[in-house]
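Participant: Next comes the structure file run-v3.txt, holding compact mmCIF, C-alpha atoms and all ligand atoms.
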```txt
# COMPACT_ATOMS: atom_id res chain seq x y z
CA MET O 25 118.06 100.50 105.27
CA ALA O 26 115.92 98.38 107.49
CA ILE O 27 114.99 94.81 108.11
CA LYS O 28 111.21 94.52 108.12
CA LYS O 29 108.91 92.00 109.71
CA ILE O 30 107.76 89.35 107.22
CA LEU O 31 104.01 88.76 107.31
CA LEU O 32 102.87 85.17 107.69
CA TYR O 33 100.04 83.31 106.01
CA PRO O 34 97.06 83.81 106.41
CA ASN O 35 97.61 87.55 106.90
CA PRO O 36 95.00 89.23 104.62
CA LEU O 37 97.60 91.58 103.07
CA LEU O 38 99.18 88.50 101.47
CA LEU O 39 95.92 87.65 99.74
CA ARG O 40 95.31 91.05 98.15
CA GLU O 41 96.12 92.18 94.62
CA SER O 42 98.89 94.80 94.62
CA THR O 43 98.68 98.09 92.73
CA LYS O 44 100.85 99.29 89.86
CA ILE O 45 103.79 101.55 90.74
CA GLU O 46 103.57 104.93 89.01
CA LYS O 47 106.10 107.03 90.95
CA PHE O 48 109.78 106.23 90.70
CA ASP O 49 110.98 108.35 93.58
CA GLU O 50 113.10 108.15 96.72
CA SER O 51 110.45 106.30 98.71
CA LEU O 52 110.49 103.54 96.07
CA VAL O 53 114.28 103.30 96.39
CA ASN O 54 113.88 102.96 100.16
CA LEU O 55 111.24 100.27 99.73
CA ALA O 56 113.55 98.33 97.37
CA ARG O 57 116.38 98.61 99.91
CA ASP O 58 114.15 97.33 102.71
CA LEU O 59 113.09 94.37 100.57
CA ILE O 60 116.72 93.52 99.72
CA ASP O 61 117.88 93.80 103.36
CA THR O 62 114.96 91.76 104.62
CA MET O 63 115.39 89.05 101.95
CA TYR O 64 119.10 88.54 102.65
CA ASP O 65 118.54 88.67 106.41
CA ALA O 66 115.97 85.86 106.10
CA ASP O 67 118.18 83.83 103.71
CA GLY O 68 115.48 83.98 101.03
CA VAL O 69 115.89 83.93 97.24
CA GLY O 70 112.99 86.32 96.69
CA LEU O 71 110.74 88.73 98.54
CA ALA O 72 107.69 90.65 97.36
CA ALA O 73 106.42 93.93 98.84
CA PRO O 74 103.12 92.45 100.13
CA GLN O 75 105.20 90.17 102.36
CA ILE O 76 106.29 93.24 104.33
CA GLY O 77 102.76 94.66 104.28
CA ILE O 78 103.01 96.94 101.23
CA ASN O 79 100.62 96.09 98.41
CA LYS O 80 102.68 97.49 95.52
CA ARG O 81 103.93 95.69 92.43
CA ILE O 82 107.61 95.28 93.27
CA PHE O 83 109.73 92.32 94.27
CA VAL O 84 113.41 91.46 94.60
CA MET O 85 115.15 88.18 93.87
CA ASP O 86 118.60 86.67 93.92
CA CYS O 87 118.85 83.06 92.78
CA SER O 88 122.61 83.05 92.29
CA ARG O 89 124.54 80.15 93.73
CA GLU O 90 126.62 80.79 96.81
CA ASP O 91 129.87 80.57 94.83
CA GLU O 92 128.64 83.15 92.30
CA GLY O 93 128.34 86.17 94.57
CA LYS O 94 125.28 88.38 94.96
CA ASP O 95 123.12 89.08 91.92
CA CYS O 96 120.05 90.92 93.14
CA ARG O 97 117.31 91.95 90.69
CA ILE O 98 114.72 94.60 91.47
CA VAL O 99 111.54 93.90 89.51
CA ILE O 100 108.74 96.48 89.19
CA ASN O 101 105.36 96.11 87.43
CA PRO O 102 106.29 92.71 85.97
CA GLN O 103 104.50 90.98 83.11
CA ILE O 104 105.10 87.58 81.54
CA GLU O 105 105.11 87.89 77.73
CA TYR O 106 105.85 84.27 76.92
CA GLN O 107 105.94 81.01 78.82
CA SER O 108 107.28 77.70 77.54
CA GLU O 109 105.14 74.61 77.24
CA GLU O 110 107.98 72.72 78.86
CA ILE O 111 107.43 72.47 82.58
CA GLY O 112 110.00 72.66 85.32
CA SER O 113 109.42 71.57 88.86
CA TYR O 114 111.03 72.69 92.10
CA LYS O 115 110.46 72.12 95.77
CA GLU O 116 109.25 75.58 96.71
CA GLY O 117 109.10 77.27 100.05
CA CYS O 118 108.02 80.76 101.10
CA LEU O 119 109.22 83.11 103.83
CA SER O 120 105.54 83.76 104.61
CA ILE O 121 104.76 80.04 105.02
CA PRO O 122 107.64 78.80 107.17
CA GLY O 123 108.27 75.10 107.54
CA ILE O 124 106.38 74.03 104.40
CA THR O 125 107.99 72.98 101.12
CA GLU O 126 106.14 71.39 98.24
CA GLU O 127 107.02 70.33 94.71
CA ILE O 128 105.40 72.86 92.33
CA SER O 129 105.31 72.67 88.52
CA ARG O 130 105.54 75.83 86.43
CA PRO O 131 106.62 76.82 82.89
CA LYS O 132 110.37 76.23 82.65
CA VAL O 133 111.26 79.28 80.56
CA ILE O 134 109.60 82.70 80.62
CA LYS O 135 110.14 85.96 78.77
CA VAL O 136 109.32 88.92 80.93
CA LEU O 137 108.89 92.67 80.79
CA TYR O 138 109.29 94.89 83.84
CA GLN O 139 110.61 98.24 84.99
CA ASP O 140 113.81 98.87 86.90
CA ILE O 141 114.21 101.21 89.87
CA ASN O 142 114.38 104.22 87.49
CA GLY O 143 111.25 103.19 85.59
CA VAL O 144 113.22 102.01 82.56
CA LEU O 145 111.65 99.03 80.76
CA GLU O 146 113.66 95.83 80.77
CA ARG O 147 113.14 92.60 78.86
CA ASN O 148 114.66 89.39 80.10
CA THR O 149 114.49 85.63 79.69
CA TYR O 150 114.61 83.45 82.75
CA ASP O 151 114.82 79.71 83.12
CA ASP O 152 115.03 77.06 85.82
CA LEU O 153 115.24 78.44 89.37
CA TRP O 154 115.16 82.08 88.22
CA SER O 155 111.98 81.39 86.25
CA THR O 156 110.35 79.59 89.19
CA CYS O 157 111.30 82.39 91.57
CA PHE O 158 110.02 85.12 89.21
CA GLN O 159 106.65 83.35 88.88
CA HIS O 160 106.42 82.71 92.63
CA GLU O 161 107.07 86.40 93.41
CA LEU O 162 104.71 87.61 90.67
CA ASP O 163 102.02 85.41 92.23
CA HIS O 164 102.52 87.33 95.50
CA LEU O 165 101.66 90.58 93.68
CA ASN O 166 98.39 88.95 92.62
CA GLY O 167 97.55 87.76 96.11
CA LYS O 168 98.41 84.18 95.25
CA LEU O 169 100.66 81.82 97.21
CA PHE O 170 102.55 78.73 96.07
CA ILE O 171 100.18 76.48 97.99
CA ASP O 172 97.40 77.71 95.65
CA HIS O 173 99.11 75.61 92.95
CA LEU O 174 98.56 72.40 94.93
CA ARG O 175 95.71 70.00 94.30
CA PRO O 176 92.71 70.80 96.56
CA MET O 177 93.20 67.84 98.93
CA LYS O 178 96.90 68.54 99.32
CA LYS O 179 96.17 72.21 99.96
CA ILE O 180 93.79 71.32 102.79
CA LEU O 181 96.47 69.13 104.40
CA VAL O 182 99.03 71.93 104.20
CA LYS O 183 96.56 74.48 105.60
CA ASN O 184 95.79 72.22 108.56
CA LYS O 185 99.50 71.80 109.22
CA MET O 186 99.88 75.61 109.16
CA LYS O 187 96.98 76.08 111.59
CA LYS O 188 98.43 73.55 114.02
CA SER O 189 101.88 75.16 113.99
CA SER O 190 100.49 78.70 114.48
CA LYS O 191 98.39 77.46 117.43
CA LYS O 192 101.48 75.94 118.97
CA GLU O 193 103.33 79.25 118.58
CA LYS O 194 100.52 81.09 120.36
CA LYS O 195 100.58 78.68 123.30
CA GLU O 196 104.32 78.97 123.80
ZN ZN M 201 106.76 83.52 98.75
```
Now that the file is in, can you turn its structure into structure tokens?
Ligand SMILES: [Zn+2]
Facilitator:
Amino acid sequence: MAIKKILLYPNPLLLRESTKIEKFDESLVNLARDLIDTMYDADGVGLAAPQIGINKRIFVMDCSREDEGKDCRIVINPQIEYQSEEIGSYKEGCLSIPGITEEISRPKVIKVLYQDINGVLERNTYDDLWSTCFQHELDHLNGKLFIDHLRPMKKILVKNKMKKSSKKEKKE
């Protein structure tokens, strides 16, 4: 159990494609635990392995409401098998891009296939916030960030804002 440092954009490890997980062993269990501890510590609803510097295809998420209690999912080697034409839109943020939230549109409902911590295949249907979160985290495994979904001009504005705030941090 450990809380890891979350890498910030534009760290190059966040922009890399992650590799498929083949071994379902103790070190994978430890990695999943680190992701869960780090996500809850940072008050996030999802965290992908590249965000703690490990380019492997695993993420964790918990989009349950506060009054529902914890409902953490460990997702390994995920694939989207179906996505609805209907679009949902949420103001998204990212633990690797602090201080920035933007409205992002994505398919509202998805059917997914992934492996659990023991390597057993699971099929699931997600909608609304769960669907958004799943797609956001899957993007991380492909080296993509939510700001990549913005229109080019908007993306430039956000990137400039990021640069300014990281410069300020360095000065302080
Ligand atoms: Zn993120």
Participant: Any chance you could tabulate, as JSON lines, the residues of chain O at most 8 Å from ligand ZN 201 (chain M) with each one's nearest atom pair and distance in Å to one decimal, using only C-alpha atoms and all ligand atoms, in chain and rising number order?
Facilitator:
```
{"residue": "O:Gly70", "atom": "CA", "partner": "M:ZN201", "partner_atom": "ZN", "distance": 7.1}
{"residue": "O:Leu71", "atom": "CA", "partner": "M:ZN201", "partner_atom": "ZN", "distance": 6.6}
{"residue": "O:Ala72", "atom": "CA", "partner": "M:ZN201", "partner_atom": "ZN", "distance": 7.3}
{"residue": "O:Gln75", "atom": "CA", "partner": "M:ZN201", "partner_atom": "ZN", "distance": 7.7}
{"residue": "O:Gly117", "atom": "CA", "partner": "M:ZN201", "partner_atom": "ZN", "distance": 6.8}
{"residue": "O:Cys118", "atom": "CA", "partner": "M:ZN201", "partner_atom": "ZN", "distance": 3.8}
{"residue": "O:Leu119", "atom": "CA", "partner": "M:ZN201", "partner_atom": "ZN", "distance": 5.7}
{"residue": "O:Ser120", "atom": "CA", "partner": "M:ZN201", "partner_atom": "ZN", "distance": 6.0}
{"residue": "O:Ile121", "atom": "CA", "partner": "M:ZN201", "partner_atom": "ZN", "distance": 7.4}
{"residue": "O:His160", "atom": "CA", "partner": "M:ZN201", "partner_atom": "ZN", "distance": 6.2}
{"residue": "O:Glu161", "atom": "CA", "partner": "M:ZN201", "partner_atom": "ZN", "distance": 6.1}
{"residue": "O:His164", "atom": "CA", "partner": "M:ZN201", "partner_atom": "ZN", "distance": 6.6}
{"residue": "O:Leu169", "atom": "CA", "partner": "M:ZN201", "partner_atom": "ZN", "distance": 6.5}
{"residue": "O:Phe170", "atom": "CA", "partner": "M:ZN201", "partner_atom": "ZN", "distance": 6.9}
```
Participant: Which of these residues is nearest to Asp163 of chain O, using only C-alpha atoms: O:Ser190, O:Asn35, O:Asn54, O:Ser42?
Facilitator: O:Ser42
Participant: What separation in Å, quoted to one decimal, exists between atom CA of Val69 of chain O and atom CA of Leu31 of chain O?
Facilitator: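 Between these atoms lies a distance of 16.3 Å.
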Participant: Quick one: distance from atom CA of Tyr114 of chain O to atom CA of Asp152 of chain O in Å, one decimal?
Facilitator: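 Taking atom CA of Tyr114 of chain O as the start and atom CA of Asp152 of chain O as the end point, the length is 8.6 Å.
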Participant: Tell me, in Å to one decimal, how far atom CA of Lys188 of chain O is from atom CA of Ile171 of chain O.
Facilitator: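 Computing the Euclidean distance for atom CA of Lys188 of chain O and atom CA of Ile171 of chain O yields 16.4 Å.
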Participant: Excluding same-chain residues fewer than 3 positions from Gln107 of chain O, what lies within 6 Å of it counting only C-alpha atoms, as a PyMOL selection string?
Facilitator: chain O and resi 131+133-134
Participant: For Ser189 of chain O, which residue out of O:Ala73, O:Ile124, O:Val53, O:Leu153 is the nearest one, using all atoms listed in the file?
Facilitator: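 The closest residue to Ser189 of chain O is O:Ile124.
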Participant: Which residues are close to Ser113 of chain O, i.e. within 10 Å by only C-alpha atoms, leaving aside same-chain residues fewer than 4 positions away? Reply as a list in words.
Facilitator: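 That gives Glu126, Glu127, Ile128, Ser129, Arg130, Pro131, Lys132, Asp152, Leu153 and Thr156 of chain O.
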Participant: Given the selection you just returned, output its residues as a file containing C-alpha atoms, formatted as a PDB file, in the frame of the given file.
Facilitator:
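Result went into out16.pdb, see below:
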```pdb
ATOM      1  CA  GLU O 126     106.140  71.390  98.240  1.00  0.00           C
ATOM      2  CA  GLU O 127     107.020  70.330  94.710  1.00  0.00           C
ATOM      3  CA  ILE O 128     105.400  72.860  92.330  1.00  0.00           C
ATOM      4  CA  SER O 129     105.310  72.670  88.520  1.00  0.00           C
ATOM      5  CA  ARG O 130     105.540  75.830  86.430  1.00  0.00           C
ATOM      6  CA  PRO O 131     106.620  76.820  82.890  1.00  0.00           C
ATOM      7  CA  LYS O 132     110.370  76.230  82.650  1.00  0.00           C
ATOM      8  CA  ASP O 152     115.030  77.060  85.820  1.00  0.00           C
ATOM      9  CA  LEU O 153     115.240  78.440  89.370  1.00  0.00           C
ATOM     10  CA  THR O 156     110.350  79.590  89.190  1.00  0.00           C
TER      11      THR O 156
END
```
Participant: Find the residue from O:Thr62, O:Asn101, O:Ser88, O:Asn184 that sits nearest to Ile141 of chain O; use only C-alpha atoms when measuring.
Facilitator: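 Counting only C-alpha atoms, the residue closest to Ile141 of chain O is O:Asn101.
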